[in-house]
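Worksheet for the structure shown next.
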Amino acid sequence: MTTTQTIITTLLGAFFVFASSIKLLGWQKMIFSTQLAFFVKYGLNRKVMFAVGAIEFLAAMLILSPLMLDASLANTVSLFGYLALSAVSLGAIACHLWFDTWRDGVPAVVTLTLSVALLLQGL
């Protein structure tokens, strides 16, 4: 893994650990309320939000774990993580474009772009 890949992976991992922790635990009330309002607007409930948070957390752990694993296993593990983050980001983009404005989906476009770029580099 190059230095650039390591930096992007660390930033993506940190972002999704943070985002998932709010969805799972609701510890940051303002962000939690805002995210939950989006989910409700999309016809989804708290259980779905929790499930998305769980997927985000697992994916973040998968992409961060290669920084601590031996190289033979690291590539496979991280590919599954990047794939999961790409799927979550794509879902967020779809919901924002369908129900909101494109501006609400910009963070998801950034995370999708970074995830796909790292996924393709790992193939």
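Residue numbering restarts at 1 for every chain of the structure tokens, chains are lettered A, B, ... in their displayed order, and ligands are numbered from 1 as they appear.
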
For A:Leu58, list every protein, DNA or RNA residue within 9 Å, evaluated using only C-alpha atoms, and leave out those in the same chain fewer than 6 positions away; present the list as a list in words.
-> Val17, Gly81 and Ala84 of chain A

For those residues, write N, CA and C atoms to a file as a compact mmCIF listing (two decimals), in the first residue's frame.
```txt
# COMPACT_ATOMS: atom_id res chain seq x y z
N VAL A 17 -16.01 5.32 10.79
CA VAL A 17 -16.13 4.96 12.21
C VAL A 17 -16.94 6.04 12.92
N GLY A 81 -14.11 -4.39 2.20
CA GLY A 81 -14.44 -3.13 2.86
C GLY A 81 -14.73 -2.01 1.89
N ALA A 84 -18.09 -2.61 0.25
CA ALA A 84 -19.21 -2.27 1.15
C ALA A 84 -19.38 -0.75 1.26
```

Tell me, as an NGL selection string, which residues lie within 8 Å of A:Leu119, counting only C-alpha atoms; anything in the same chain fewer than 5 positions away does not count.
-> :A and (79 or 82-83)

Can you list, as an mmCIF file with all heavy atoms, in the first residue's frame, every protein, DNA or RNA residue that comes within 12 Å of stretch 73-75 of chain A when you count only C-alpha atoms, leaving out same-chain residues fewer than 4 positions away?
```cif
data_model
loop_
_atom_site.group_PDB
_atom_site.id
_atom_site.type_symbol
_atom_site.label_atom_id
_atom_site.label_comp_id
_atom_site.auth_asym_id
_atom_site.auth_seq_id
_atom_site.Cartn_x
_atom_site.Cartn_y
_atom_site.Cartn_z
ATOM 1 N N MET A 1 0.853 -1.175 0.000
ATOM 2 C CA MET A 1 0.000 0.000 0.000
ATOM 3 C C MET A 1 0.895 1.234 0.000
ATOM 4 O O MET A 1 1.792 1.345 0.821
ATOM 5 C CB MET A 1 -0.920 -0.045 1.232
ATOM 6 C CG MET A 1 -1.972 1.017 1.246
ATOM 7 S SD MET A 1 -3.102 0.967 2.653
ATOM 8 C CE MET A 1 -4.217 -0.321 2.174
ATOM 9 N N MET A 61 -13.817 -1.172 9.575
ATOM 10 C CA MET A 61 -12.877 -2.103 10.208
ATOM 11 C C MET A 61 -12.149 -2.936 9.155
ATOM 12 O O MET A 61 -10.954 -3.214 9.281
ATOM 13 C CB MET A 61 -13.599 -3.023 11.193
ATOM 14 C CG MET A 61 -14.137 -2.320 12.433
ATOM 15 S SD MET A 61 -12.850 -1.534 13.421
ATOM 16 C CE MET A 61 -13.006 0.173 12.943
ATOM 17 N N LEU A 62 -12.860 -3.318 8.098
ATOM 18 C CA LEU A 62 -12.238 -4.108 7.032
ATOM 19 C C LEU A 62 -11.170 -3.316 6.289
ATOM 20 O O LEU A 62 -10.121 -3.864 5.947
ATOM 21 C CB LEU A 62 -13.295 -4.618 6.048
ATOM 22 C CG LEU A 62 -14.233 -5.705 6.563
ATOM 23 C CD1 LEU A 62 -15.315 -6.001 5.525
ATOM 24 C CD2 LEU A 62 -13.474 -6.967 6.925
ATOM 25 N N ILE A 63 -11.421 -2.030 6.039
ATOM 26 C CA ILE A 63 -10.408 -1.269 5.307
ATOM 27 C C ILE A 63 -9.248 -0.858 6.209
ATOM 28 O O ILE A 63 -8.138 -0.673 5.729
ATOM 29 C CB ILE A 63 -10.982 -0.042 4.554
ATOM 30 C CG1 ILE A 63 -11.451 1.046 5.503
ATOM 31 C CG2 ILE A 63 -12.066 -0.457 3.589
ATOM 32 C CD1 ILE A 63 -11.736 2.380 4.824
ATOM 33 N N LEU A 64 -9.495 -0.711 7.500
ATOM 34 C CA LEU A 64 -8.419 -0.340 8.421
ATOM 35 C C LEU A 64 -7.583 -1.535 8.868
ATOM 36 O O LEU A 64 -6.403 -1.377 9.179
ATOM 37 C CB LEU A 64 -8.988 0.391 9.644
ATOM 38 C CG LEU A 64 -9.575 1.768 9.381
ATOM 39 C CD1 LEU A 64 -10.255 2.304 10.633
ATOM 40 C CD2 LEU A 64 -8.512 2.735 8.875
ATOM 41 N N SER A 65 -8.168 -2.709 8.891
ATOM 42 C CA SER A 65 -7.443 -3.879 9.393
ATOM 43 C C SER A 65 -6.196 -4.225 8.583
ATOM 44 O O SER A 65 -5.211 -4.675 9.177
ATOM 45 C CB SER A 65 -8.377 -5.082 9.515
ATOM 46 O OG SER A 65 -8.862 -5.467 8.257
ATOM 47 N N PRO A 66 -6.159 -4.024 7.262
ATOM 48 C CA PRO A 66 -4.916 -4.325 6.536
ATOM 49 C C PRO A 66 -3.719 -3.502 6.996
ATOM 50 O O PRO A 66 -2.584 -3.887 6.769
ATOM 51 C CB PRO A 66 -5.262 -4.008 5.084
ATOM 52 C CG PRO A 66 -6.724 -4.263 5.009
ATOM 53 C CD PRO A 66 -7.252 -3.771 6.324
ATOM 54 N N LEU A 67 -3.964 -2.376 7.627
ATOM 55 C CA LEU A 67 -2.854 -1.593 8.151
ATOM 56 C C LEU A 67 -2.162 -2.357 9.275
ATOM 57 O O LEU A 67 -1.043 -2.035 9.642
ATOM 58 C CB LEU A 67 -3.349 -0.231 8.648
ATOM 59 C CG LEU A 67 -4.043 0.646 7.607
ATOM 60 C CD1 LEU A 67 -4.589 1.905 8.247
ATOM 61 C CD2 LEU A 67 -3.101 0.981 6.465
ATOM 62 N N MET A 68 -2.858 -3.398 9.803
ATOM 63 C CA MET A 68 -2.308 -4.175 10.913
ATOM 64 C C MET A 68 -2.125 -5.652 10.573
ATOM 65 O O MET A 68 -1.632 -6.408 11.389
ATOM 66 C CB MET A 68 -3.232 -4.031 12.124
ATOM 67 C CG MET A 68 -3.358 -2.609 12.622
ATOM 68 S SD MET A 68 -4.731 -2.412 13.749
ATOM 69 C CE MET A 68 -6.044 -1.982 12.634
ATOM 70 N N LEU A 69 -2.569 -6.070 9.391
ATOM 71 C CA LEU A 69 -2.476 -7.474 8.995
ATOM 72 C C LEU A 69 -1.276 -7.712 8.091
ATOM 73 O O LEU A 69 -0.717 -6.790 7.528
ATOM 74 C CB LEU A 69 -3.738 -7.900 8.236
ATOM 75 C CG LEU A 69 -5.037 -7.956 8.998
ATOM 76 C CD1 LEU A 69 -6.171 -8.251 8.030
ATOM 77 C CD2 LEU A 69 -4.988 -8.992 10.095
ATOM 78 N N LEU A 79 -10.534 -5.169 0.097
ATOM 79 C CA LEU A 79 -11.413 -5.113 -1.072
ATOM 80 C C LEU A 79 -12.879 -5.243 -0.668
ATOM 81 O O LEU A 79 -13.739 -4.523 -1.182
ATOM 82 C CB LEU A 79 -11.043 -6.188 -2.090
ATOM 83 C CG LEU A 79 -9.729 -5.971 -2.840
ATOM 84 C CD1 LEU A 79 -9.448 -7.137 -3.780
ATOM 85 C CD2 LEU A 79 -9.732 -4.659 -3.591
ATOM 86 N N PHE A 80 -13.166 -6.145 0.259
ATOM 87 C CA PHE A 80 -14.546 -6.281 0.744
ATOM 88 C C PHE A 80 -15.005 -5.006 1.453
ATOM 89 O O PHE A 80 -16.156 -4.586 1.320
ATOM 90 C CB PHE A 80 -14.696 -7.495 1.666
ATOM 91 C CG PHE A 80 -14.765 -8.791 0.925
ATOM 92 C CD1 PHE A 80 -13.713 -9.700 0.997
ATOM 93 C CD2 PHE A 80 -15.854 -9.122 0.144
ATOM 94 C CE1 PHE A 80 -13.757 -10.903 0.313
ATOM 95 C CE2 PHE A 80 -15.918 -10.315 -0.549
ATOM 96 C CZ PHE A 80 -14.867 -11.215 -0.464
ATOM 97 N N GLY A 81 -14.110 -4.386 2.198
ATOM 98 C CA GLY A 81 -14.444 -3.132 2.865
ATOM 99 C C GLY A 81 -14.735 -2.015 1.890
ATOM 100 O O GLY A 81 -15.722 -1.288 2.030
ATOM 101 N N TYR A 82 -13.875 -1.862 0.872
ATOM 102 C CA TYR A 82 -14.100 -0.820 -0.136
ATOM 103 C C TYR A 82 -15.388 -1.069 -0.912
ATOM 104 O O TYR A 82 -16.106 -0.140 -1.258
ATOM 105 C CB TYR A 82 -12.918 -0.715 -1.104
ATOM 106 C CG TYR A 82 -11.642 -0.250 -0.445
ATOM 107 C CD1 TYR A 82 -10.459 -0.964 -0.598
ATOM 108 C CD2 TYR A 82 -11.614 0.901 0.333
ATOM 109 C CE1 TYR A 82 -9.287 -0.551 0.006
ATOM 110 C CE2 TYR A 82 -10.451 1.325 0.949
ATOM 111 C CZ TYR A 82 -9.290 0.590 0.778
ATOM 112 O OH TYR A 82 -8.137 1.014 1.381
ATOM 113 N N LEU A 118 -9.779 3.187 -4.619
ATOM 114 C CA LEU A 118 -8.958 2.241 -3.851
ATOM 115 C C LEU A 118 -9.324 0.805 -4.189
ATOM 116 O O LEU A 118 -8.455 -0.079 -4.229
ATOM 117 C CB LEU A 118 -9.085 2.509 -2.363
ATOM 118 C CG LEU A 118 -8.437 3.825 -1.913
ATOM 119 C CD1 LEU A 118 -8.845 4.179 -0.489
ATOM 120 C CD2 LEU A 118 -6.925 3.771 -2.044
ATOM 121 N N LEU A 119 -10.589 0.558 -4.441
ATOM 122 C CA LEU A 119 -11.036 -0.792 -4.841
ATOM 123 C C LEU A 119 -10.365 -1.200 -6.151
ATOM 124 O O LEU A 119 -9.823 -2.294 -6.271
ATOM 125 C CB LEU A 119 -12.562 -0.816 -4.977
ATOM 126 C CG LEU A 119 -13.198 -2.106 -5.457
ATOM 127 C CD1 LEU A 119 -13.003 -3.212 -4.422
ATOM 128 C CD2 LEU A 119 -14.674 -1.898 -5.724
ATOM 129 N N LEU A 120 -10.385 -0.305 -7.119
ATOM 130 C CA LEU A 120 -9.796 -0.606 -8.427
ATOM 131 C C LEU A 120 -8.274 -0.779 -8.347
ATOM 132 O O LEU A 120 -7.713 -1.604 -9.069
ATOM 133 C CB LEU A 120 -10.165 0.471 -9.435
ATOM 134 C CG LEU A 120 -11.642 0.555 -9.803
ATOM 135 C CD1 LEU A 120 -11.909 1.735 -10.728
ATOM 136 C CD2 LEU A 120 -12.128 -0.750 -10.414
ATOM 137 N N GLN A 121 -7.645 -0.032 -7.473
ATOM 138 C CA GLN A 121 -6.194 -0.187 -7.314
ATOM 139 C C GLN A 121 -5.841 -1.520 -6.682
ATOM 140 O O GLN A 121 -4.766 -2.054 -6.917
ATOM 141 C CB GLN A 121 -5.616 0.952 -6.460
ATOM 142 C CG GLN A 121 -5.562 2.257 -7.194
ATOM 143 C CD GLN A 121 -4.976 3.381 -6.352
ATOM 144 O OE1 GLN A 121 -4.598 3.189 -5.211
ATOM 145 N NE2 GLN A 121 -4.894 4.569 -6.935
ATOM 146 N N GLY A 122 -6.767 -2.055 -5.889
ATOM 147 C CA GLY A 122 -6.510 -3.322 -5.220
ATOM 148 C C GLY A 122 -6.796 -4.538 -6.059
ATOM 149 O O GLY A 122 -6.404 -5.656 -5.708
ATOM 150 N N LEU A 123 -7.510 -4.367 -7.185
ATOM 151 C CA LEU A 123 -7.858 -5.528 -8.037
ATOM 152 C C LEU A 123 -6.687 -6.001 -8.857
ATOM 153 O O LEU A 123 -5.798 -5.400 -9.225
ATOM 154 C CB LEU A 123 -9.029 -5.160 -8.956
ATOM 155 C CG LEU A 123 -10.349 -4.941 -8.254
ATOM 156 C CD1 LEU A 123 -11.417 -4.552 -9.264
ATOM 157 C CD2 LEU A 123 -10.805 -6.176 -7.501
#
```

Give me every alpha helix (DSSP H) residue in chain A, going by DSSP on the backbone, as number ranges by chain.
-> A: 3-25, 29-41, 46-64, 71-99, 106-122

A:Ile22 surroundings by only C-alpha atoms, 9 Å radius, close-in-sequence under 6 positions cut, as a PyMOL selection string = chain A and resi 28-29+31-32+35+53

Restricting the calculation to only C-alpha atoms, which member of A:Thr9, A:Ser33, A:Thr3, A:Ser115 is positioned closest to A:Leu85?
->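 Residue with the minimum atom-to-atom distance to A:Leu85: A:Ser115.
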
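Take the candidates A:Gln5, A:Lys41, A:Gly13, A:Ser21 and check each one against A:Trp98 using only C-alpha atoms; the shortest distance goes to A:Lys41.
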
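Pairwise distance (atom CA of A:Arg103, atom CA of A:Ala51) equals 24.4 Å.
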
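Of the residues under consideration (A:Met30, A:Leu12, A:Ile93, A:Ala59), A:Leu12 shows the shortest atom-to-atom contact distance to A:Thr111 when counting only C-alpha atoms.
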
Shell around A:Phe99 at 8 Å using only C-alpha atoms, local window under 2 positions removed, as a PyMOL selection string = chain A and resi 41-42+95-97+101

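Coordinates place atom CA of A:Phe57 at a distance of 17.0 Å from atom CA of A:Pro107.
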
Spatial neighbours of A:Val40, 10 Å, only C-alpha atoms, chain gap at least 6 places, as a VMD selection string | chain A and resid 46 48 to 49

Could you give me, as a list in words, the residues within 12 Å of A:Val110, counting only C-alpha atoms and dropping anything in the same chain fewer than 2 positions from it?
->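 With the cut-off at 12 Å, the set is Ile8, Leu11, Leu12, Phe15, Leu85, Ser86, Ser89, Leu90, Ala92, Ile93, Arg103, Asp104, Gly105, Val106, Pro107, Ala108, Leu112, Thr113, Leu114, Ser115, Val116 and Ala117 of chain A.
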